[in-house]
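J.: I am sharing start_21.tsv, which consists of TSV, C-alpha atoms:
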```tsv
chain	number	residue	atom	x	y	z
L	118	MET	CA	169.34	-97.18	-29.97
L	119	PRO	CA	170.63	-93.81	-31.25
L	120	GLU	CA	174.26	-93.40	-32.21
L	121	PRO	CA	176.41	-91.81	-29.46
L	122	LEU	CA	177.11	-88.11	-29.77
L	123	ALA	CA	180.50	-86.41	-30.01
L	124	VAL	CA	181.21	-82.68	-29.88
L	125	VAL	CA	184.37	-81.45	-31.62
L	126	THR	CA	185.39	-77.80	-31.46
L	127	GLY	CA	187.19	-76.56	-34.55
L	128	GLY	CA	185.81	-79.69	-36.13
L	129	THR	CA	185.17	-78.63	-39.73
L	130	ARG	CA	188.69	-78.27	-41.16
L	131	GLY	CA	192.27	-79.46	-40.72
L	132	ILE	CA	193.01	-81.76	-37.81
L	133	GLY	CA	189.57	-81.11	-36.34
L	134	LEU	CA	187.81	-82.35	-39.46
L	135	ALA	CA	189.90	-85.52	-39.41
L	136	LEU	CA	188.88	-86.05	-35.78
L	137	SER	CA	185.22	-85.49	-36.64
L	138	ARG	CA	185.42	-87.96	-39.50
L	139	ARG	CA	187.13	-90.58	-37.37
L	140	LEU	CA	184.44	-90.30	-34.71
L	141	ILE	CA	181.77	-90.67	-37.39
L	142	GLY	CA	183.60	-93.76	-38.60
L	143	MET	CA	183.46	-95.10	-35.04
L	144	GLY	CA	179.69	-94.73	-35.08
L	145	HIS	CA	179.19	-91.31	-33.50
L	146	ARG	CA	177.04	-88.43	-34.57
L	147	VAL	CA	179.20	-85.30	-34.49
L	148	VAL	CA	178.37	-81.70	-33.71
L	149	ALA	CA	181.37	-79.76	-35.02
L	150	PHE	CA	181.85	-76.21	-33.76
L	151	TYR	CA	183.47	-73.63	-36.01
L	152	ALA	CA	184.21	-69.94	-35.54
L	153	HIS	CA	184.46	-68.08	-38.86
L	154	ASP	CA	185.07	-70.28	-41.90
L	155	ARG	CA	181.49	-70.88	-42.99
L	156	GLU	CA	182.56	-72.23	-46.39
L	157	SER	CA	184.57	-75.07	-44.85
L	158	ALA	CA	181.76	-75.78	-42.38
L	159	GLU	CA	179.13	-76.00	-45.10
L	160	LYS	CA	181.39	-78.22	-47.19
L	161	ALA	CA	182.00	-80.57	-44.26
L	162	GLU	CA	178.32	-80.73	-43.43
L	163	ALA	CA	177.47	-81.52	-47.06
L	164	ASN	CA	180.18	-84.14	-47.53
L	165	ASP	CA	180.15	-85.93	-44.19
L	166	ALA	CA	176.93	-87.67	-43.25
L	167	GLY	CA	176.51	-87.53	-39.51
L	168	LEU	CA	178.20	-84.15	-39.06
L	169	THR	CA	176.27	-81.06	-37.96
L	170	ALA	CA	178.17	-77.77	-38.04
L	171	LEU	CA	177.45	-75.12	-35.42
L	172	GLN	CA	178.99	-71.65	-35.43
L	173	VAL	CA	180.28	-70.67	-31.99
L	174	ASP	CA	182.76	-68.07	-30.79
L	175	LEU	CA	184.62	-69.99	-28.09
L	176	ALA	CA	186.06	-66.74	-26.74
L	177	ASP	CA	182.55	-65.62	-25.77
L	178	ALA	CA	181.33	-67.25	-22.55
L	179	SER	CA	177.65	-66.58	-23.19
L	180	ALA	CA	177.88	-67.90	-26.76
L	181	VAL	CA	179.48	-71.10	-25.49
L	182	ALA	CA	176.79	-71.54	-22.86
L	183	ASP	CA	174.07	-71.05	-25.47
L	184	ALA	CA	175.72	-73.52	-27.84
L	185	ALA	CA	176.05	-76.14	-25.11
L	186	ALA	CA	172.39	-75.75	-24.18
L	187	ARG	CA	171.44	-76.13	-27.84
L	188	VAL	CA	173.53	-79.30	-28.18
L	189	LEU	CA	171.89	-80.86	-25.14
L	190	ALA	CA	168.39	-79.87	-26.22
L	191	GLU	CA	168.67	-80.80	-29.91
L	192	HIS	CA	171.22	-83.60	-30.00
L	193	GLY	CA	171.44	-85.10	-26.53
L	194	THR	CA	174.31	-85.72	-24.13
L	195	PRO	CA	177.78	-86.19	-25.61
L	196	ALA	CA	179.68	-89.39	-24.98
L	197	VAL	CA	182.82	-87.69	-26.31
L	198	LEU	CA	183.98	-84.07	-26.10
L	199	VAL	CA	187.05	-82.98	-28.06
L	200	ASN	CA	188.33	-79.51	-27.21
L	201	ASN	CA	190.33	-78.98	-30.39
L	202	ALA	CA	189.83	-75.36	-31.50
L	203	GLY	CA	192.85	-73.12	-31.17
L	204	ARG	CA	194.02	-69.68	-32.17
L	205	ASN	CA	197.47	-68.20	-32.81
L	206	ILE	CA	198.39	-64.53	-32.69
L	207	ASP	CA	202.19	-64.51	-32.75
L	208	ARG	CA	204.07	-61.41	-31.67
L	209	PRO	CA	207.13	-60.54	-29.56
L	210	PHE	CA	206.24	-60.37	-25.87
L	211	LEU	CA	207.01	-56.67	-25.53
L	212	GLU	CA	204.77	-55.88	-28.51
L	213	MET	CA	201.86	-58.08	-27.46
L	214	SER	CA	198.65	-56.20	-26.75
L	215	ASP	CA	195.99	-56.99	-24.19
L	216	GLU	CA	193.73	-58.10	-27.03
L	217	ASP	CA	196.41	-60.42	-28.44
L	218	TRP	CA	196.68	-62.05	-25.03
L	219	ARG	CA	192.96	-62.27	-24.28
L	220	ALA	CA	191.90	-63.53	-27.71
L	221	VAL	CA	194.26	-66.50	-27.59
L	222	LEU	CA	193.77	-67.37	-23.91
L	223	ASP	CA	189.99	-67.10	-24.20
L	224	THR	CA	189.79	-69.34	-27.27
L	225	ASN	CA	192.39	-71.92	-26.26
L	226	LEU	CA	191.83	-72.17	-22.51
L	227	SER	CA	188.72	-70.35	-21.35
L	228	GLY	CA	186.66	-71.83	-24.20
L	229	PRO	CA	187.36	-75.43	-23.12
L	230	PHE	CA	186.61	-74.43	-19.52
L	231	TRP	CA	183.25	-72.89	-20.40
L	232	LEU	CA	182.21	-75.70	-22.73
L	233	THR	CA	183.30	-78.55	-20.49
L	234	ARG	CA	181.65	-76.94	-17.48
L	235	ALA	CA	178.40	-76.73	-19.43
L	236	LEU	CA	178.44	-80.30	-20.77
L	237	ALA	CA	180.08	-82.31	-17.99
L	238	PRO	CA	177.07	-82.42	-15.64
L	239	ALA	CA	174.96	-84.12	-18.31
L	240	MET	CA	177.81	-86.50	-19.13
L	241	LEU	CA	178.15	-87.41	-15.46
L	242	ALA	CA	174.42	-87.94	-15.12
L	243	ALA	CA	174.46	-90.16	-18.21
L	244	GLY	CA	177.05	-92.40	-16.61
L	245	GLY	CA	180.29	-91.45	-18.28
L	246	GLY	CA	182.22	-90.41	-21.31
L	247	SER	CA	185.61	-89.28	-22.55
L	248	ILE	CA	187.04	-85.77	-22.88
L	249	VAL	CA	190.10	-85.17	-25.03
L	250	ASN	CA	191.84	-81.81	-25.00
L	251	ILE	CA	194.06	-81.11	-28.00
L	252	GLY	CA	197.26	-79.58	-26.72
L	253	ALA	CA	200.47	-78.49	-28.40
L	254	THR	CA	204.14	-79.26	-27.96
L	255	THR	CA	204.65	-75.57	-27.21
L	256	GLY	CA	202.65	-76.13	-24.04
L	257	ILE	CA	205.72	-77.96	-22.77
L	258	ARG	CA	208.62	-76.46	-24.72
L	259	PRO	CA	208.40	-72.67	-25.32
L	260	ARG	CA	209.01	-70.79	-28.52
L	261	VAL	CA	209.74	-67.20	-29.43
L	262	ASP	CA	206.82	-64.84	-30.19
L	263	GLY	CA	204.21	-67.20	-28.75
L	264	VAL	CA	203.89	-66.42	-25.05
L	265	ASN	CA	200.08	-66.25	-25.28
L	266	TYR	CA	199.73	-69.51	-27.22
L	267	CYS	CA	202.32	-71.38	-25.15
L	268	ALA	CA	200.73	-70.22	-21.90
L	269	SER	CA	197.27	-71.27	-23.09
L	270	LYS	CA	198.43	-74.76	-24.05
L	271	ALA	CA	200.43	-75.21	-20.84
L	272	GLY	CA	197.28	-74.26	-18.96
L	273	LEU	CA	195.31	-76.80	-20.98
L	274	LEU	CA	197.61	-79.56	-19.73
L	275	GLN	CA	196.92	-78.67	-16.10
L	276	PHE	CA	193.23	-78.21	-16.92
L	277	THR	CA	193.28	-81.80	-18.22
L	278	LYS	CA	194.84	-83.16	-15.05
L	279	CYS	CA	192.53	-81.27	-12.72
L	280	LEU	CA	189.45	-82.45	-14.61
L	281	ALA	CA	190.77	-86.02	-14.59
L	282	LEU	CA	190.91	-85.84	-10.79
L	283	GLU	CA	187.51	-84.22	-10.32
L	284	LEU	CA	185.45	-86.05	-12.93
L	285	ALA	CA	186.86	-89.53	-12.25
L	286	PRO	CA	185.85	-92.28	-12.22
L	287	THR	CA	182.86	-91.47	-14.43
L	288	ILE	CA	184.59	-89.38	-17.12
L	289	ARG	CA	188.13	-89.88	-18.40
L	290	VAL	CA	190.06	-86.76	-19.44
L	291	ASN	CA	193.27	-86.87	-21.47
L	292	CYS	CA	195.38	-84.51	-23.57
L	293	LEU	CA	196.38	-85.36	-27.13
L	294	ILE	CA	199.41	-83.40	-28.31
L	295	PRO	CA	200.18	-83.32	-32.05
L	296	GLY	CA	203.69	-82.58	-33.24
L	297	MET	CA	204.46	-81.32	-36.75
L	298	ILE	CA	201.29	-82.35	-38.57
L	299	ASP	CA	201.14	-81.69	-42.30
L	300	THR	CA	198.27	-79.25	-42.64
L	301	GLU	CA	197.89	-76.21	-44.87
L	302	GLU	CA	198.06	-73.92	-41.84
L	303	LEU	CA	201.31	-75.44	-40.58
L	304	ARG	CA	202.95	-75.35	-44.00
L	305	THR	CA	202.08	-71.66	-44.28
L	306	ARG	CA	203.14	-70.68	-40.76
L	307	TRP	CA	206.45	-72.57	-40.91
L	308	ARG	CA	207.10	-71.88	-44.64
L	309	LEU	CA	207.46	-75.60	-45.28
L	310	ASP	CA	206.92	-75.30	-49.02
L	311	ASP	CA	210.57	-74.19	-49.01
L	312	PRO	CA	212.53	-77.47	-49.46
L	313	GLU	CA	215.33	-76.22	-47.21
L	314	ARG	CA	212.92	-75.39	-44.40
L	315	MET	CA	211.26	-78.78	-44.80
L	316	GLU	CA	214.61	-80.57	-44.64
L	317	GLN	CA	215.55	-78.66	-41.48
L	318	THR	CA	212.24	-79.71	-39.92
L	319	LEU	CA	212.66	-83.36	-40.89
L	320	ASP	CA	216.16	-83.34	-39.39
L	321	GLU	CA	214.51	-82.78	-35.99
L	322	ILE	CA	212.07	-85.70	-36.34
L	323	PRO	CA	213.53	-89.19	-35.80
L	324	SER	CA	210.75	-90.75	-37.90
L	325	ARG	CA	211.88	-88.53	-40.82
L	326	ARG	CA	208.42	-87.53	-41.89
L	327	MET	CA	205.70	-85.05	-41.08
L	328	GLY	CA	202.72	-86.37	-39.23
L	329	THR	CA	199.35	-86.69	-40.94
L	330	VAL	CA	195.93	-85.77	-39.69
L	331	GLU	CA	195.17	-89.51	-39.77
L	332	ASP	CA	198.00	-90.10	-37.28
L	333	VAL	CA	196.23	-87.74	-34.90
L	334	ALA	CA	192.87	-89.37	-35.59
L	335	ASP	CA	194.40	-92.79	-34.82
L	336	ALA	CA	195.46	-91.47	-31.43
L	337	LEU	CA	192.02	-90.03	-30.76
L	338	GLU	CA	190.41	-93.35	-31.64
L	339	PHE	CA	192.66	-95.03	-29.08
L	340	LEU	CA	191.96	-92.46	-26.36
L	341	VAL	CA	188.17	-92.63	-26.65
L	342	GLY	CA	188.01	-96.36	-27.38
L	343	PRO	CA	187.88	-99.45	-25.16
L	344	ALA	CA	191.65	-100.00	-25.26
L	345	ALA	CA	192.25	-96.85	-23.16
L	346	THR	CA	189.72	-97.27	-20.37
L	347	TYR	CA	192.52	-97.22	-17.76
L	348	LEU	CA	194.17	-94.11	-19.22
L	349	ASN	CA	193.25	-90.92	-17.40
L	350	GLY	CA	194.87	-87.54	-16.87
L	351	GLN	CA	197.66	-88.29	-19.35
L	352	LYS	CA	199.29	-86.55	-22.29
L	353	LEU	CA	199.78	-88.53	-25.50
L	354	ILE	CA	202.33	-86.90	-27.84
L	355	ILE	CA	202.05	-87.79	-31.54
L	356	ASP	CA	205.24	-86.36	-32.98
L	357	GLY	CA	207.46	-89.01	-34.58
L	358	GLY	CA	209.86	-88.73	-31.64
L	359	GLN	CA	210.60	-85.02	-32.03
L	360	PHE	CA	209.81	-84.18	-28.41
L	361	MET	CA	210.81	-86.96	-26.03
L	362	TRP	CA	209.47	-85.83	-22.66
```
Would you mind writing the file out in structure tokens?
T.:
Amino acid sequence: MPEPLAVVTGGTRGIGLALSRRLIGMGHRVVAFYAHDRESAEKAEANDAGLTALQVDLADASAVADAAARVLAEHGTPAVLVNNAGRNIDRPFLEMSDEDWRAVLDTNLSGPFWLTRALAPAMLAAGGGSIVNIGATTGIRPRVDGVNYCASKAGLLQFTKCLALELAPTIRVNCLIPGMIDTEELRTRWRLDDPERMEQTLDEIPSRRMGTVEDVADALEFLVGPAATYLNGQKLIIDGGQFMW
């Protein structure tokens, strides 16, 4: 019997790569979508047996449809879909262009819509599966200069709940929300190599540490595994207690 298939968008670096690797460790084959960073994709494909990298622009509806058709034809029906890819273009609201708005909304919200719409019928016909959307704490609590990103992640939460209603009971759909996870991108964006900035950040986290990509992977393993079969339409926040909603 072939190993089950998982599709992970943004699955070749950072948190996404950790999610891909955890799914491989759980016995899945993984098709990991990436947008631009071919070097990271090739490295992941070379180093991680069971991972196939596929370049896809999630902001392009036709490209997503073509990629989904290729996955189904070449790899089969996914048992797990992780909508992880995300894009930030931070700017004050009054300076934000149409392109700034569209690029982030299309990648973070329209992309999951297009991809899930393309794959869900096969998943339903196969008898089930699990979809996990990777949200953000800013989808619940706003921040300055991020109206496009915050709106996209807030929309992803409602997208999760609507899919959970419509695809149940065959497919479970949940939202995994990482807090301050120690990745290169986060350290750069929040200037956390500055000890003072790091200390200020840790002061906001009751657990007094940054999260790791493995913390997020642990949560994914729970959500797609047998221990969470009665969990549907929920948000799981992995943040060390920073955001207690």
J.: Would you work out the distance separating CA of Asp183 (chain L) from CA of Leu236 (chain L), expressed in Å to one decimal?
T.: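 Distance between the two atoms: 11.3 Å.
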J.: Using all atoms listed in the file, pick whichever of L:Arg258, L:Val199, L:Ser214, L:Lys270 has the shortest atom-to-atom distance to Leu226 (chain L).
T.: L:Lys270
J.: Considering only C-alpha atoms, state which residue in the set L:Val290, L:Val333, L:Met361, L:Leu319 is at the smallest distance from Ala237 (chain L).
T.: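 Of L:Val290, L:Val333, L:Met361, L:Leu319, the one nearest Ala237 (chain L), counting only C-alpha atoms, is L:Val290.
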J.: Once you add 3 Å to each side, what are the centre and edge lengths of the axis-aligned box holding all listed atoms of region 275-288 of chain L? One decimal in Å, as AutoDock Vina command-line options, if you can.
T.:
```
--center_x 189.9 --center_y -85.2 --center_z -14.3 --size_x 20.1 --size_y 20.1 --size_z 13.9
```
J.: L:Thr254, L:Thr305, L:Met240, L:Ala268: which is nearest Gly193 (chain L), counting all atoms listed in the file?
T.: L:Met240
J.: How many Å lie between CA of Leu353 (chain L) and CA of Ile322 (chain L), rounded to one decimal?
T.: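 Spanning CA of Leu353 (chain L) to CA of Ile322 (chain L) is a straight-line distance of 16.6 Å.
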J.: Between L:Thr277, L:Asn349, L:Thr329, L:Thr287, single out the one closest to Gly246 (chain L), counting all atoms listed in the file.
T.: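 Counting all atoms listed in the file, the residue closest to Gly246 (chain L) is L:Thr287.
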J.: Any idea what the distance is between CA of Ala285 (chain L) and CA of Gly245 (chain L)?
T.: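 Computing the Euclidean distance for CA of Ala285 (chain L) and CA of Gly245 (chain L) yields 9.1 Å.
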J.: Which residues are close to Ser247 (chain L), i.e. within 7 Å by only C-alpha atoms, leaving aside same-chain residues fewer than 2 positions away? Reply as a PDB file with C-alpha atoms, in the frame of the given file.
T.:
```
ATOM      1  CA  ALA L 196     179.680 -89.390 -24.980  1.00  0.00           C
ATOM      2  CA  VAL L 197     182.820 -87.690 -26.310  1.00  0.00           C
ATOM      3  CA  LEU L 198     183.980 -84.070 -26.100  1.00  0.00           C
ATOM      4  CA  VAL L 249     190.100 -85.170 -25.030  1.00  0.00           C
ATOM      5  CA  ILE L 288     184.590 -89.380 -17.120  1.00  0.00           C
ATOM      6  CA  ARG L 289     188.130 -89.880 -18.400  1.00  0.00           C
ATOM      7  CA  VAL L 290     190.060 -86.760 -19.440  1.00  0.00           C
ATOM      8  CA  VAL L 341     188.170 -92.630 -26.650  1.00  0.00           C
TER       9      VAL L 341
END
```
J.: Tell me, as a count of residues only, which residues lie within 12 Å of Met315 (chain L), counting only C-alpha atoms; anything in the same chain fewer than 2 positions away does not count.
T.: 21
J.: Need to verify the contact set: region 146-162 of chain L, 6 Å, all atoms listed in the file, exclusion of same-chain residues closer than 5 positions in sequence. Can you return it as a CSV table (one decimal) with C-alpha atoms, keeping the file's coordinate frame?
T.:
```csv
chain,number,residue,atom,x,y,z
L,122,LEU,CA,177.1,-88.1,-29.8
L,123,ALA,CA,180.5,-86.4,-30.0
L,124,VAL,CA,181.2,-82.7,-29.9
L,125,VAL,CA,184.4,-81.4,-31.6
L,126,THR,CA,185.4,-77.8,-31.5
L,127,GLY,CA,187.2,-76.6,-34.6
L,128,GLY,CA,185.8,-79.7,-36.1
L,129,THR,CA,185.2,-78.6,-39.7
L,141,ILE,CA,181.8,-90.7,-37.4
L,167,GLY,CA,176.5,-87.5,-39.5
L,168,LEU,CA,178.2,-84.2,-39.1
L,169,THR,CA,176.3,-81.1,-38.0
L,170,ALA,CA,178.2,-77.8,-38.0
L,171,LEU,CA,177.4,-75.1,-35.4
L,172,GLN,CA,179.0,-71.6,-35.4
L,173,VAL,CA,180.3,-70.7,-32.0
L,174,ASP,CA,182.8,-68.1,-30.8
```
J.: Looking at all atoms listed in the file, which of L:Asn205, L:Thr233, L:Asn250, L:Asn225 is the one that sits closest to Ala186 (chain L)?
T.: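 Answer, going by the shortest atom-to-atom distance: L:Thr233.
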J.: Taking into account only C-alpha atoms, which residue in the set L:Cys279, L:Ala202, L:Leu274, L:Leu337 is nearest to Arg130 (chain L)?
T.: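 Closest candidate: L:Ala202.
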J.: May I have the protein, DNA and RNA residues with an atom at most 12 Å from (188.8, -97.0, -29.6), counting all atoms listed in the file in the file's coordinates, returned as a PDB file with C-alpha atoms, keeping the file's coordinate frame?
T.:
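So result_31.pdb came out as:
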```pdb
ATOM      1  CA  ARG L 139     187.130 -90.580 -37.370  1.00  0.00           C
ATOM      2  CA  LEU L 140     184.440 -90.300 -34.710  1.00  0.00           C
ATOM      3  CA  GLY L 142     183.600 -93.760 -38.600  1.00  0.00           C
ATOM      4  CA  MET L 143     183.460 -95.100 -35.040  1.00  0.00           C
ATOM      5  CA  GLY L 144     179.690 -94.730 -35.080  1.00  0.00           C
ATOM      6  CA  HIS L 145     179.190 -91.310 -33.500  1.00  0.00           C
ATOM      7  CA  VAL L 197     182.820 -87.690 -26.310  1.00  0.00           C
ATOM      8  CA  SER L 247     185.610 -89.280 -22.550  1.00  0.00           C
ATOM      9  CA  ALA L 334     192.870 -89.370 -35.590  1.00  0.00           C
ATOM     10  CA  ASP L 335     194.400 -92.790 -34.820  1.00  0.00           C
ATOM     11  CA  ALA L 336     195.460 -91.470 -31.430  1.00  0.00           C
ATOM     12  CA  LEU L 337     192.020 -90.030 -30.760  1.00  0.00           C
ATOM     13  CA  GLU L 338     190.410 -93.350 -31.640  1.00  0.00           C
ATOM     14  CA  PHE L 339     192.660 -95.030 -29.080  1.00  0.00           C
ATOM     15  CA  LEU L 340     191.960 -92.460 -26.360  1.00  0.00           C
ATOM     16  CA  VAL L 341     188.170 -92.630 -26.650  1.00  0.00           C
ATOM     17  CA  GLY L 342     188.010 -96.360 -27.380  1.00  0.00           C
ATOM     18  CA  PRO L 343     187.880 -99.450 -25.160  1.00  0.00           C
ATOM     19  CA  ALA L 344     191.650-100.000 -25.260  1.00  0.00           C
ATOM     20  CA  ALA L 345     192.250 -96.850 -23.160  1.00  0.00           C
ATOM     21  CA  THR L 346     189.720 -97.270 -20.370  1.00  0.00           C
TER      22      THR L 346
END
```
